[in-house]
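What follows is a short report on a single structure.
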Amino acid sequence: MEQTAMTSEGNVLSREPMLSVRQLVKRFGGLTAVNKVDMDVYPGEVVGLVGDNAAGKSTLIKCIAGVHQPEEGEIYFEGRRVHFSHPIEARDAHIETIYQDLALAGNLNVGANIFMGREIKKPFLGGLVKVLDEEFMLQESRKLLEQLKIHIPDFTQEIETLSGGQRQAVAIARAVYWKAKLMIMDEPTNNLGVVEQRQVLDLVRELKSQGVPVILISHTLPDVFAVTDRIVVMHRGRKVTDKKTSETDSQEIVQYMVGALDDNRVDA
């Protein structure tokens with residue numbers, strides 16, 4: 001599994017991948033949604049995972065994130081073989097997945113969302129009971145978002161009142177706070193305005209600068225080319241190519257997406 005990888009800036013990455021997927025297979029009845037897929041992701045690397053609808057990319061990341069259990073193949077994380085039977089197990093291993101619905105509670109504020117399920121409590125009534133330490137959670141959230149250069153005027157306002165980009169930023173910030181070692185992002189710029197798209201892409205770059213690898217699923221190829229080091233293309237459940245972003249272009253990637261090109265085709 002060892003090989004040298006480089007970022008788009010030319011920096012040498014660790015020779016040991018953070019994540020390795022080997023010959024992964026996932027079936028739903030008679031449909032093979034993921035068919036013998038191999039993929040590596042290195043520390044500090046952004047990998048674009050692209051493909052047309054039903055290509056298998058969402059199923060692949062759900063296998064990595066513990067939502068689905070593959071029938072065949074192996075997943076290695078930080079050099080050891082893992083099997084996640086539930087998304088909580090993947091999160092406990094510091095694999096954070098941000099889906100399009102973001103899994104945020106609209107009626108709670110920023111701090112409550114960042115600490116949701118991991119709330120901080122403090123003693124009350126002389127230690128007889130414990131209550132939520134809302135002040136601490138808000139302070140920590142404010143420091144974190146400042147560190148990530150995310151501007152939210154009022155941290156006490158409900159999440160549902162924030163813009164789409166701000167909500168996306170809170171979801172990313174939550175993963176960062178809980179020390180994500182791998183970030184998987186499913187269409188993070190979908191339905192966002194141009195300015196907010198740029199803000200989310202800046203957050204991806206910030207994660208990369210901190211050494212956090214990112215798998216970026218997106219139909220928006222300009223976004224993929226703007227931030228990724230490599231692009232993996234899937235078509236009908238198979239990985240058809242894995243290319244350095246600097247060595248390809250949108251036209252070629254589209255050809256792989258529609259099945260016109262396939263590096264792994266076995267001719268009869």
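Each chain in the structure tokens gets a letter, A, B and so on, in the order shown; residues start at 1 in every chain, and ligands are counted from 1 in the order they appear.
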Discussion item. Taking 5 positions as the minimum chain separation for residues in the same chain, which residues sit within 12 Å of A:Asn109 when counting only C-alpha atoms? Answer as a PyMOL selection string.
Written reply: chain A and resi 104+114-116+134-135+137-138+141-142+152+154-162+167+170
Worksheet entry | Nearest residue to A:His83 from the set A:Ala260, A:Val67, A:Ile98, A:Val227 (distances using only C-alpha atoms) | A:Val67
Discussion item. Quick check, in Å to one decimal: how far apart do atom CA of A:Asp202 and atom CA of A:Asn53 lie?
Written reply: 26.4 Å
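When only C-alpha atoms are used to measure the gap to A:Lys62, the shortest distance among A:Val41, A:Ala90, A:Leu207, A:Leu148 belongs to A:Ala90.
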Worksheet item: Quick one, how far is atom CA of A:Asp52 from atom CA of A:Phe28?
Response: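 The value is 18.7 Å.
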Worksheet item: So which residues touch A:Glu89 within 9 Å, counting only C-alpha atoms, skipping near sequence neighbours fewer than 6 positions away, as a PyMOL selection string?
Response: chain A and resi 65-66+83+95
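Here atom CA of A:Arg238 and atom CA of A:Asp101 stand 26.0 Å from one another.
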